[in-house]
Amino acid sequence: MLEQILQHDEVFKAPDSLIQQANVQDFDAEYARSIEDPEQFWGHWAERYEWFKPWDEVMAWDYPNHRWFVGGETNITLNALDRHADGPNRNRLAFIWIAEDGSERKVTYYELRRLVSKFASGLRRLGVKKGDTVVIYMPLTLEGVIAMLACARLGAIHSVVYAGMGVGALRGRIEDAGAQVVIAGDIGMRRGKAVDLKSIVDQAVDGLSLRHIIWHQRGPKNELHPGEVDFDTLMAESLPDVAPEPVESSHPLYILYTSGSTGKPKGVVHVHGGYMVGTGYHLRAFFDVKDNDIFWATSDIGWVVGHSYIVYAPLVEGVTSVFREGAPDFPDPGVFWECVEKYGVNVMFTAPTAVRMFMKFGPEYVENYDLSTLRQVAVAGEPLNPEAMRWAMKYLLDDGKRGFVTDNWWQTELGGPTVATPITKQAIPGSAGVSMPGVEAVIVDETGTEVPKGKGGLLALKRPFPHMMNTIWNDAERYAQYWEEIPDVYAAGDVASWDADSYITVLGRSDDVLNVAGHRIGTADVESALITHPAVAESAVIGVPDPVKGESIKAFIVLALGQSESEEVRRSIVDHVRRELGPIATPSGITFVEKLPKTRSGKIVRRLLKAQELGEDPGDLSTLED
Ligand code: AMP
């Protein structure tokens, strides 16, 4: 099957006009430089940024720990805000924020620095200081971004929790991060309706000893209890008097939790120096963004794409970043294209699941709008199926005459494009592309031996790069595991294949992690939530193919003694998972079973459930209990 996938007779190329203007003209030469002399390569790029103190050493690589710009001091907001606010770009738009109802807010670099500095001043008065952790649970608003940047400015470490996550997920993250302060929104807006976030936060923090909750209140103002503070009031009462705090290059910038194959989320740590340099580089080198471009990443600040490509990289590089709160098909399925037309978006970064959704609605929603400014549509999060790629080329980019679709593979842990299709190279439908500069991606077997070209195996990385995670919060061992699972490489946890030109095709996860609409959800996360429902004795979760979302969640449940199957029980279980984990982790199907298939050692064999569900051959069952 892998060999079959590798036979590609269809390739795409960007129009010459795009290739001629590419920021990186000779990709192969650029790549070779990055591999032969990474210190020179990254050191050179880092010189475009401001540092309080220059570094002594570009890279210190002591397997499995890597540090970049060692001895250097900076603050990412010095480069994201001050570098532009004090220079000729002070009046350039930093952000265009769009609400679901079409209203908008625009802020220049000068204005944004003022707002961030004021909010940082307010945080400082509340006692937030360098090294403190702050959890942010806010919808995709300008205030959410200001909260992130204000923490960074003080050298505090933010941990944004996607404002669609449930009570259990939020509480677990606040506890693991050791946050004393939470900045939260009271409501989010989705499909014209206010989504209640306040009650989720109230339940999640119940019994925790927090110092402060800062509420961004868009709904009716609530009565505030001791320790609770109103965002707008804090802002209004503060002066823009906070300069960026000098921090070591490897000082943590943020923690972002992601799923693994156990129920405990991993707090991926990214740092000020290396992350700034690497994500900024890729905004230019991969996304090919020019100074006057309008760049739109359709993600959310709750995900790594939002951190890197809504907030940090566009600001560090001084370009205009668009972001929009709300559903991509509300008020109608043409709203994305209406925004592209209205703001003249040049480069868009979205997800395959979104492209498939637009395919389903039909081209008429696209054809109504003038997309002539759009020249690159980058996609990430899950495999881009060839059909979706063809559709995007045809309808979004004038049959490929005006622009190019570029796939890019990365992970929360990796911070930015890692395996991707540069605009100067050909795109192979179904394949994510080649190793980006600084990256040595290989396909190996379990022993770490590279498999021959044309074969499949495990996707691994042979060396670190500046924007790769620095550690796992409070869990150096778990960090080391990434580099120990397969000898001498970082194990990405994905199954993939490569062809003769080292183009990599990612097939999916090798562990028990699902990809639902581009969101990584551990089967263990859902199973741990299920088991806390009183009617559930045992559960097993699998992913089943979904034409739009990629995968959807199916749960098999053994009921507790005395419980019987009913619609009410089913609904109550689904509601429980939604409450604990949030809507994205809600099972779309539940089947009640007498017992679950297990190995003799007691491990649930999800593979068998999946094969049964899909009517496939379950393979070797010799280790099964019965
Ligand atoms: P996350 O950390 O949530 O960004 O999820 C990372 C995972 O998403 C990867 O390990 C892959 O399984 C999947 N993924 C991300 N980008 C791509 C892509 N371009 N092609 C295929 N799979 C992808």
# chains A, B, ... in the order shown; residues from 1 in each chain; ligands from 1
call {"tool": "closest_atom_pairs", "arguments": {"of": "chain A", "to": "ligand 1", "cutoff": "7 Å", "atoms": "only C-alpha atoms and all ligand atoms", "output": "tab-separated table"}}
result
residue	atom	partner	partner_atom_place_in_ligand_line	distance
A:Thr258	CA	ligand 1	2 (O)	6.4
A:Val304	CA	ligand 1	4 (O)	6.5
A:Val379	CA	ligand 1	19 (N)	6.5
A:Ala380	CA	ligand 1	19 (N)	4.0
A:Gly381	CA	ligand 1	15 (C)	3.5
A:Glu382	CA	ligand 1	22 (N)	3.4
A:Pro383	CA	ligand 1	21 (C)	3.4
A:Leu384	CA	ligand 1	20 (N)	6.1
A:Asp407	CA	ligand 1	19 (N)	5.3
A:Asn408	CA	ligand 1	19 (N)	4.3
A:Trp409	CA	ligand 1	19 (N)	3.5
A:Trp410	CA	ligand 1	16 (N)	5.0
A:Gln411	CA	ligand 1	2 (O)	3.6
A:Thr412	CA	ligand 1	2 (O)	3.7
A:Glu413	CA	ligand 1	2 (O)	6.3
A:Ala432	CA	ligand 1	19 (N)	5.3
A:Ala492	CA	ligand 1	10 (O)	6.1
A:Gly493	CA	ligand 1	10 (O)	6.2
A:Asp494	CA	ligand 1	12 (O)	5.5
A:Val506	CA	ligand 1	21 (C)	4.9
A:Leu507	CA	ligand 1	21 (C)	6.7
A:Gly508	CA	ligand 1	12 (O)	5.1
A:Arg509	CA	ligand 1	12 (O)	5.0
A:Asn515	CA	ligand 1	8 (O)	6.7
A:Gly518	CA	ligand 1	8 (O)	6.5
A:His519	CA	ligand 1	3 (O)	5.3
A:Arg520	CA	ligand 1	3 (O)	4.5
call {"tool": "select_by_dssp", "arguments": {"residues": "range 82-144 of chain A", "states": "strand (DSSP E or B)", "output": "list in words"}}
result
Leu93, Ala94, Phe95, Ile96, Trp97, Ile98, Glu104, Arg105, Lys106, Val107, Thr108, Thr133, Val134, Val135, Ile136 and Tyr137 of chain A
call {"tool": "write_last_selection", "arguments": {"atoms": "N, CA and C atoms", "output": "compact mmCIF listing (two decimals), in the first residue's frame"}}
result
# COMPACT_ATOMS: atom_id res chain seq x y z
N LEU A 93 -0.18 48.45 10.41
CA LEU A 93 -1.11 47.65 11.20
C LEU A 93 -0.41 46.38 11.68
N ALA A 94 -0.51 46.14 12.96
CA ALA A 94 -0.01 44.89 13.51
C ALA A 94 -1.11 43.83 13.36
N PHE A 95 -2.32 44.20 13.78
CA PHE A 95 -3.43 43.25 13.72
C PHE A 95 -4.68 43.86 13.11
N ILE A 96 -5.39 43.01 12.40
CA ILE A 96 -6.78 43.31 12.04
C ILE A 96 -7.58 42.18 12.67
N TRP A 97 -8.41 42.55 13.62
CA TRP A 97 -9.24 41.52 14.27
C TRP A 97 -10.66 41.65 13.74
N ILE A 98 -11.23 40.52 13.36
CA ILE A 98 -12.58 40.53 12.78
C ILE A 98 -13.50 39.71 13.68
N GLU A 104 -14.84 45.07 13.13
CA GLU A 104 -13.40 44.85 13.11
C GLU A 104 -12.68 45.82 14.04
N ARG A 105 -11.48 45.47 14.43
CA ARG A 105 -10.59 46.38 15.16
C ARG A 105 -9.23 46.29 14.53
N LYS A 106 -8.63 47.45 14.32
CA LYS A 106 -7.30 47.48 13.74
C LYS A 106 -6.36 48.18 14.71
N VAL A 107 -5.19 47.63 14.92
CA VAL A 107 -4.21 48.31 15.77
C VAL A 107 -2.85 48.38 15.08
N THR A 108 -2.22 49.52 15.21
CA THR A 108 -0.88 49.68 14.65
C THR A 108 0.13 49.14 15.66
N THR A 133 3.82 31.61 36.15
CA THR A 133 2.98 31.07 35.08
C THR A 133 1.58 31.67 35.17
N VAL A 134 1.02 31.99 34.02
CA VAL A 134 -0.32 32.59 33.95
C VAL A 134 -1.12 31.80 32.93
N VAL A 135 -2.28 31.30 33.33
CA VAL A 135 -3.14 30.59 32.37
C VAL A 135 -4.10 31.58 31.72
N ILE A 136 -4.22 31.47 30.41
CA ILE A 136 -5.12 32.35 29.64
C ILE A 136 -6.19 31.46 29.02
N TYR A 137 -7.45 31.75 29.35
CA TYR A 137 -8.57 30.99 28.79
C TYR A 137 -9.50 32.01 28.14
call {"tool": "residues_around", "arguments": {"residues": "Ala29 in chain A", "least_positions_apart": "6", "cutoff": "12 Å", "atoms": "only C-alpha atoms", "output": "PDB file with C-alpha atoms, in the first residue's frame"}}
result
ATOM      1  CA  ILE A  35      22.838  21.637   7.504  1.00  0.00           C
ATOM      2  CA  GLU A  36      26.535  22.181   6.892  1.00  0.00           C
ATOM      3  CA  PHE A  41      23.023  29.902   9.382  1.00  0.00           C
ATOM      4  CA  MET A 436      12.915  22.539   5.877  1.00  0.00           C
ATOM      5  CA  PRO A 437      16.211  24.371   6.439  1.00  0.00           C
TER       6      PRO A 437
END
call {"tool": "residues_around", "arguments": {"residues": "His212 in chain A", "least_positions_apart": "3", "cutoff": "10 Å", "atoms": "only C-alpha atoms", "output": "list in words"}}
result
Leu123, Leu126, Gly127, Val128, Val134, Ala179, Gln180, Val181, Val182, Ile183, Ser209, Trp215, His225, Pro226, Gly227, Glu228 and Val229 of chain A
call {"tool": "closest_atom_pairs", "arguments": {"of": "range 210-307 of chain A", "to": "range 573-589 of chain A", "cutoff": "12 Å", "atoms": "only C-alpha atoms", "output": "JSON lines"}}
result
{"residue": "A:Ser259", "atom": "CA", "partner": "A:Ala585", "partner_atom": "CA", "distance": 11.5}
{"residue": "A:Gly263", "atom": "CA", "partner": "A:Leu581", "partner_atom": "CA", "distance": 11.6}
{"residue": "A:Pro265", "atom": "CA", "partner": "A:Leu581", "partner_atom": "CA", "distance": 11.7}
call {"tool": "residues_around", "arguments": {"residues": "Glu387 in chain A", "least_positions_apart": "5", "cutoff": "9 Å", "atoms": "only C-alpha atoms", "output": "compact mmCIF listing (two decimals) with N, CA and C atoms, in the first residue's frame"}}
result
# COMPACT_ATOMS: atom_id res chain seq x y z
N ARG A 356 -11.71 20.97 3.05
CA ARG A 356 -12.73 19.95 2.74
C ARG A 356 -14.14 20.46 3.03
N ALA A 392 -8.39 23.37 -3.96
CA ALA A 392 -7.85 24.66 -3.51
C ALA A 392 -7.09 25.36 -4.64
N PRO A 429 0.78 15.96 -4.69
CA PRO A 429 -0.44 15.80 -3.91
C PRO A 429 -0.33 14.62 -2.95
N GLY A 430 -0.72 14.86 -1.71
CA GLY A 430 -0.67 13.82 -0.69
C GLY A 430 0.61 13.85 0.12
